[in-house]
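Single-structure report; data block below.
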Amino acid sequence: VQLQASGGGFVQAGGSLRLSCTASARTFSSYNMGWFRQAPGKGREFVAHINWGTWGGGITYYADSVKGRFTISRDSAKNTVTLQMNSLKPEDTAVYYCAATRRSVRSRPMEYEYDYWGQGTQVTVSS
């Protein structure tokens with residue numbers, strides 16, 4: 001599976017950005033999808049996840065730091081997962097990565113639970 005993330009950019013605090021992740025797999029509908037981010041000097045952290053498989057399709061998980069501000073959604077016709085980010089804060093500044101797995105993940109998934117990763121897209125939020 002090849003993942004292509006896009007939509008990053010520069011925005012002022014309180015603004016919005018929409019990230020997209022498009023997958024190449026024909027069987028994309030069987031993958032669960034997640035977003036992670038990595039700020040300068042920090043490790044990669046979980047942001048959001050959506051189940052896309054036969055079991056539990058549509059179930060979403062969010063990190064506490066983004067709950068109520070970010071929304072993850074899917075478009076099966078376009079093989080795309082979207083992360084709508086509202087009320088952005090300077091601490092949201094990071095490189096954002098999309099990831100895919102066929103496995104079920106915990107509600108606060110770790111990096112190793114995903115098998116495929118996109119290249120990352122930079123999000124910068126100014127104060």
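Residue numbering restarts at 1 for every chain of the structure tokens, chains are lettered A, B, ... in their displayed order, and ligands are numbered from 1 as they appear.
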- Item | For stretch 88-96 of chain A: contacts at 10 Å, only C-alpha atoms, fewer than 6 positions along chain excluded, given as an NGL selection string | :A and (5-17 or 19 or 35-40 or 42 or 44-47 or 65-66 or 69-70 or 118-127)
- Please give the complete set of residues from stretch 2-102 of chain A that DSSP, run on the backbone, assigns to strand (DSSP E), formatted as a VMD selection string. chain A and resid 3 to 6 9 to 12 17 to 23 32 to 38 44 to 50 60 to 62 70 to 75 80 to 85 94 to 101
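Minimum atom-to-atom distances from A:Gln2, A:Asn86, A:Ser76, A:Ser30 to A:Thr101 were compared using only C-alpha atoms, and the lowest value belongs to A:Ser30.
Here atom CA of A:Trp52 and atom CA of A:Gly68 stand 21.0 Å from one another.
Atom CA of A:Ser24 is found 23.5 Å from atom CA of A:Tyr61.
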- Message: Using DSSP secondary structure from the backbone, list all helix (DSSP H, G or I) positions within chain A, as a list in words.
- Response: Phe28, Ser29, Ser30, Ser76, Ala77, Lys78, Pro90, Glu91, Asp92, Glu111, Tyr112 and Glu113 of chain A
Write the residues of the selection above to a file with N, CA, C and O atoms, as an mmCIF file, in the first residue's frame.
data_model
loop_
_atom_site.group_PDB
_atom_site.id
_atom_site.type_symbol
_atom_site.label_atom_id
_atom_site.label_comp_id
_atom_site.auth_asym_id
_atom_site.auth_seq_id
_atom_site.Cartn_x
_atom_site.Cartn_y
_atom_site.Cartn_z
ATOM 1 N N PHE A 28 -8.274 -1.173 -0.390
ATOM 2 C CA PHE A 28 -8.165 -0.147 0.633
ATOM 3 C C PHE A 28 -9.276 -0.233 1.657
ATOM 4 O O PHE A 28 -9.093 0.124 2.809
ATOM 5 N N SER A 29 -10.434 -0.724 1.245
ATOM 6 C CA SER A 29 -11.573 -0.791 2.156
ATOM 7 C C SER A 29 -11.317 -1.737 3.319
ATOM 8 O O SER A 29 -12.063 -1.715 4.300
ATOM 9 N N SER A 30 -10.297 -2.577 3.230
ATOM 10 C CA SER A 30 -10.010 -3.511 4.318
ATOM 11 C C SER A 30 -8.992 -2.960 5.314
ATOM 12 O O SER A 30 -8.615 -3.657 6.250
ATOM 13 N N SER A 76 -14.650 6.237 0.663
ATOM 14 C CA SER A 76 -14.257 4.957 0.085
ATOM 15 C C SER A 76 -14.172 5.014 -1.431
ATOM 16 O O SER A 76 -13.369 4.317 -2.047
ATOM 17 N N ALA A 77 -14.970 5.847 -2.060
ATOM 18 C CA ALA A 77 -14.949 5.949 -3.522
ATOM 19 C C ALA A 77 -13.630 6.538 -4.025
ATOM 20 O O ALA A 77 -13.186 6.239 -5.129
ATOM 21 N N LYS A 78 -12.998 7.368 -3.198
ATOM 22 C CA LYS A 78 -11.755 8.017 -3.594
ATOM 23 C C LYS A 78 -10.531 7.434 -2.905
ATOM 24 O O LYS A 78 -9.422 7.945 -3.079
ATOM 25 N N PRO A 90 -0.646 26.683 18.199
ATOM 26 C CA PRO A 90 0.782 26.554 17.870
ATOM 27 C C PRO A 90 1.350 25.179 18.228
ATOM 28 O O PRO A 90 2.227 24.671 17.521
ATOM 29 N N GLU A 91 0.829 24.569 19.270
ATOM 30 C CA GLU A 91 1.319 23.241 19.658
ATOM 31 C C GLU A 91 0.891 22.135 18.713
ATOM 32 O O GLU A 91 1.322 20.988 18.859
ATOM 33 N N ASP A 92 0.044 22.451 17.743
ATOM 34 C CA ASP A 92 -0.303 21.485 16.707
ATOM 35 C C ASP A 92 0.747 21.455 15.596
ATOM 36 O O ASP A 92 0.671 20.617 14.690
ATOM 37 N N GLU A 111 2.640 3.396 17.216
ATOM 38 C CA GLU A 111 3.169 3.360 15.845
ATOM 39 C C GLU A 111 3.268 1.940 15.302
ATOM 40 O O GLU A 111 2.955 1.702 14.133
ATOM 41 N N TYR A 112 3.705 1.005 16.151
ATOM 42 C CA TYR A 112 3.976 -0.346 15.661
ATOM 43 C C TYR A 112 2.712 -1.088 15.235
ATOM 44 O O TYR A 112 2.795 -2.140 14.594
ATOM 45 N N GLU A 113 1.559 -0.540 15.550
ATOM 46 C CA GLU A 113 0.303 -1.190 15.166
ATOM 47 C C GLU A 113 -0.043 -0.928 13.698
ATOM 48 O O GLU A 113 -0.974 -1.511 13.173
#
- Item | Option closest in space to A:Met85, from A:Ala99, A:Ile72, A:Ala23, A:Val1 [counting only C-alpha atoms] | A:Ile72
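Distance annotation: of A:Ser104, A:Pro109, A:Cys21, A:Asp75, the residue with the minimal separation from A:Ala48 is A:Pro109; atom set is only C-alpha atoms.
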- For A:Tyr31, please output as a ChimeraX atom specification all residues within 12 Å (counting only C-alpha atoms; exclusion window: fewer than 2 positions along the same chain). /A:1,3,23-29,33-34,49-58,74,76,79-81,99-105,114-116
